[in-house]
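Each remark here refers to the structure printed beneath this line.
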Amino acid sequence: MHTGERPSVAYLFLSPWIAGALLLTLGPMAASLYLSFTDYDLFTAPRWTGLDNYVRILTSDPHFWNAVAATTKFVAISVPVQLAAALGVAMLINRPSRARGAYRSAFYAPSLLGASVSVAVVWRVIFHDWIGQPDRALLALVLLAVWQFGAPMVIFLAGLQQIPREYYDAAAVDGAGPWRTFRSITLPMLSPVIFFNLVLDTIRAFQVFTGAYVLSNGTGGPSDSTLFYTLYLYEKGFVEFKMGYASAMAWLLLVAVAAITALLFRTSRSWVFYGGEA
Amino acid sequence: MIRRVGWHLLVLALLIPLLYPIVWLAAASFKPSGEILQSLALLPKHAILDNYAYLAGDLAGVPVWRFFVNSILVSAGCAAANIVSCSLAGYAFARLRFRLRKPLFAVMLATIMLPTHAVLIPQYTIFQRLGTVDTFWPLILPKLLATDAFFVFLMVQFMRNIPRELDEAARLDGCGSIRIFPAVILPLIRPAVVTTAIFTFIWTWNDFLSQLIYLSDPEKYTLPLALRLFIDVTDPNAYGPMLALSALALVPILLFFAAFQRLLVEGFATSGLKG
């Protein structure tokens, strides 16, 4: 395309985004890397302490490892269960019907409400017998996350509707049963969408905060069972003002999330199929 | 026919437990505090309005309506800011040619995946140095600078579907990008603009962490922070008013949802396809 304009016009349109990326994203990332090597407390100038924060986090902070354990458990359970529910319900309601649109909206509603303190408060009251017990408190938070399966569901539904009808007709002619059709047509055709949902959901699950804060009064209790990584980071940074320490935690989180994302991308080569129309 | 009825029944059987917590909240907000923990039954044994009457008064010395005003100011401010900044950036990425387009687009996509915690502390330091902690600026300014990459992406996805011929024709008529954007593109992406506005409003309305970090004066508290005041107290008499305020805080989201559900559902679905 020839626009006949100087490219500076494009940068003019992009200038708010560029300013934001430099001043509020890339700059702060560099700053938090620097702060992670200091003992910054917000009120006095940061003092360089080298790897001290990282060594202390990894070798002598049991709360950190409890936070890693609670977060890992939460992500490992809630993401697959949520995606399975999302795919199951998407396939269920993906049939021609006048009610389909209404059903789609109804299943999606919890995704818009679920991140609120209001719903966390409801959970706190409904599950008040559970939040005193470590395993059940975590389970209540998993249920809160799974309850919001509507967001990946609408993406699955849109993906399902892009699969050409003829594939299913051909499978029916070949006498393929529902399971065979699911394995040979639905799953491979949907794999890019499954991958998209898996990556975004995993990253989102690592950052869950509100529910854990509200259900445990910000403590992550009982016995650190709901001390999610973000909750502990908040506590270190904004309650204890150990901002150097919290910055080191933020970088460990960033590296972990980047590594897991990279791993997902790597494994995706063997199970994600692109270009169905080719 | 029987299969059809069976299908409807199955879907409804799934929907009832799914929506139960919301309906329960609405009903429980009319129960006396003592009754709330006793059973998860839907209908109150003694329906009362006291919980709502309580909210006509003060909380932490601040009239409760003030929290609503604060939440509206922050959420509407963020929504307006996101519309402007994300549509400008989306237009450049979707319709304009410039040398750094590909690498910058990759940076934008990567920031969708960036955990907010990686930038939380330096951002806080910046806003503290600017003397803006305990104002609404740290909540709104990032939106003005298009840091919500999800919406930039949404705009891009949407603008890609607009026929190129439209801008080509405008260019032949001698229009530059600066005229084409407001005159041709903006009216055509109205659904994306509305979707961005409502999503931003709802997500900001629900957001807890940044409001918790930046706002400390109860006069400036938003609804999530006001609700936290209830959670901190273990007084069982607080349960009724706490649920009433929780229910009221969901009303705007439900209203938006009722009015724009199709746009919201389709807007969200768009983000997952045609990547």
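All residue names refer to the structure tokens as shown: chains lettered A, B, ... in order, residues numbered from 1 in each chain, ligands numbered from 1 in order.
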
Please report, as JSON lines, each residue of chain B lying at most 6 Å from chain A, together with the nearest pair of atoms and the separation in Å rounded to one decimal; use only C-alpha atoms, and order rows by chain and ascending residue number.
{"residue": "B:Leu88", "atom": "CA", "partner": "A:Phe13", "partner_atom": "CA", "distance": 5.2}
{"residue": "B:Ala89", "atom": "CA", "partner": "A:Leu14", "partner_atom": "CA", "distance": 4.8}
{"residue": "B:Ala92", "atom": "CA", "partner": "A:Ala10", "partner_atom": "CA", "distance": 5.4}
{"residue": "B:Phe98", "atom": "CA", "partner": "A:Pro7", "partner_atom": "CA", "distance": 5.4}
{"residue": "B:His117", "atom": "CA", "partner": "A:Ala250", "partner_atom": "CA", "distance": 5.8}
{"residue": "B:Ala118", "atom": "CA", "partner": "A:Ala250", "partner_atom": "CA", "distance": 5.0}
{"residue": "B:Val119", "atom": "CA", "partner": "A:Pro28", "partner_atom": "CA", "distance": 5.3}
{"residue": "B:Pro122", "atom": "CA", "partner": "A:Pro28", "partner_atom": "CA", "distance": 5.0}
{"residue": "B:Leu145", "atom": "CA", "partner": "A:Gly20", "partner_atom": "CA", "distance": 4.6}
{"residue": "B:Ala146", "atom": "CA", "partner": "A:Trp17", "partner_atom": "CA", "distance": 4.9}
{"residue": "B:Thr147", "atom": "CA", "partner": "A:Gly20", "partner_atom": "CA", "distance": 5.8}
{"residue": "B:Asn206", "atom": "CA", "partner": "A:Ser116", "partner_atom": "CA", "distance": 4.4}
{"residue": "B:Pro224", "atom": "CA", "partner": "A:Val117", "partner_atom": "CA", "distance": 5.7}
{"residue": "B:Ser246", "atom": "CA", "partner": "A:Ser118", "partner_atom": "CA", "distance": 4.4}
{"residue": "B:Ala269", "atom": "CA", "partner": "A:Ile155", "partner_atom": "CA", "distance": 4.4}
{"residue": "B:Gly272", "atom": "CA", "partner": "A:Ile155", "partner_atom": "CA", "distance": 5.7}

Apply DSSP to the structure's backbone, then extract all residues of segment 80-181 of chain A labelled helix (DSSP H, G or I) and return them as number ranges by chain.
A: 80-93, 100-113, 117-126, 134-147, 150-162, 165-173, 178-181

As a check of understanding: the span from atom CA of Asp39 of chain A to atom CA of Ala205 of chain A is 29.0 Å

Counting only C-alpha atoms, figure out which residue out of A:Phe64, A:Phe37, A:Phe43, A:Tyr54 gets nearest to Glu235 of chain A.
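Under the stated criterion, the closest residue is A:Phe64.
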
Which residues, written as a ChimeraX atom specification, have at least one atom at most 9 Å from Phe260 of chain B, with only C-alpha atoms counted and residues fewer than 3 positions away on the same chain left out?
/B:194-195,198,255-257,263-265

Distance criterion (only C-alpha atoms): nearest to Leu144 of chain A out of A:Phe182, A:Val79, A:Ala176, A:Met189:
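Selected residue with least distance to Leu144 of chain A: A:Val79.
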
Two-atom distance - atom CA of Leu141 of chain B, atom CA of Tyr91 of chain B (Å):
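For atom CA of Leu141 of chain B relative to atom CA of Tyr91 of chain B, the distance reads 20.5 Å.
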
Taking 2 positions as the minimum chain separation for residues in the same chain, which residues sit within 7 Å of segment 214-219 of chain B when counting only C-alpha atoms? Answer as a list in words.
Ala60, Val62, Val133, Asp134, Thr135, Ser210, Gln211, Leu212 and Tyr221 of chain B

As a PyMOL selection string, please: the residues near Phe149 of chain A (cut-off 7 Å, only C-alpha atoms, same-chain neighbours under 6 positions excluded).
chain A and resi 82-83+85-86+111

Just-selected residues, N, CA and C atoms written as an mmCIF file, in the first residue's frame:
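Saved file part.cif follows:
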data_model
loop_
_atom_site.group_PDB
_atom_site.id
_atom_site.type_symbol
_atom_site.label_atom_id
_atom_site.label_comp_id
_atom_site.auth_asym_id
_atom_site.auth_seq_id
_atom_site.Cartn_x
_atom_site.Cartn_y
_atom_site.Cartn_z
ATOM 1 N N GLN A 82 -10.935 -25.162 34.192
ATOM 2 C CA GLN A 82 -11.698 -24.066 33.580
ATOM 3 C C GLN A 82 -11.798 -24.240 32.061
ATOM 4 N N LEU A 83 -10.678 -24.603 31.432
ATOM 5 C CA LEU A 83 -10.695 -24.750 29.976
ATOM 6 C C LEU A 83 -11.562 -25.932 29.554
ATOM 7 N N ALA A 85 -14.175 -27.078 31.172
ATOM 8 C CA ALA A 85 -15.563 -26.640 31.331
ATOM 9 C C ALA A 85 -15.948 -25.721 30.172
ATOM 10 N N ALA A 86 -15.042 -24.817 29.813
ATOM 11 C CA ALA A 86 -15.322 -23.868 28.742
ATOM 12 C C ALA A 86 -15.568 -24.598 27.423
ATOM 13 N N SER A 111 -18.000 -14.153 34.054
ATOM 14 C CA SER A 111 -16.666 -13.652 33.722
ATOM 15 C C SER A 111 -16.552 -12.147 33.920
#
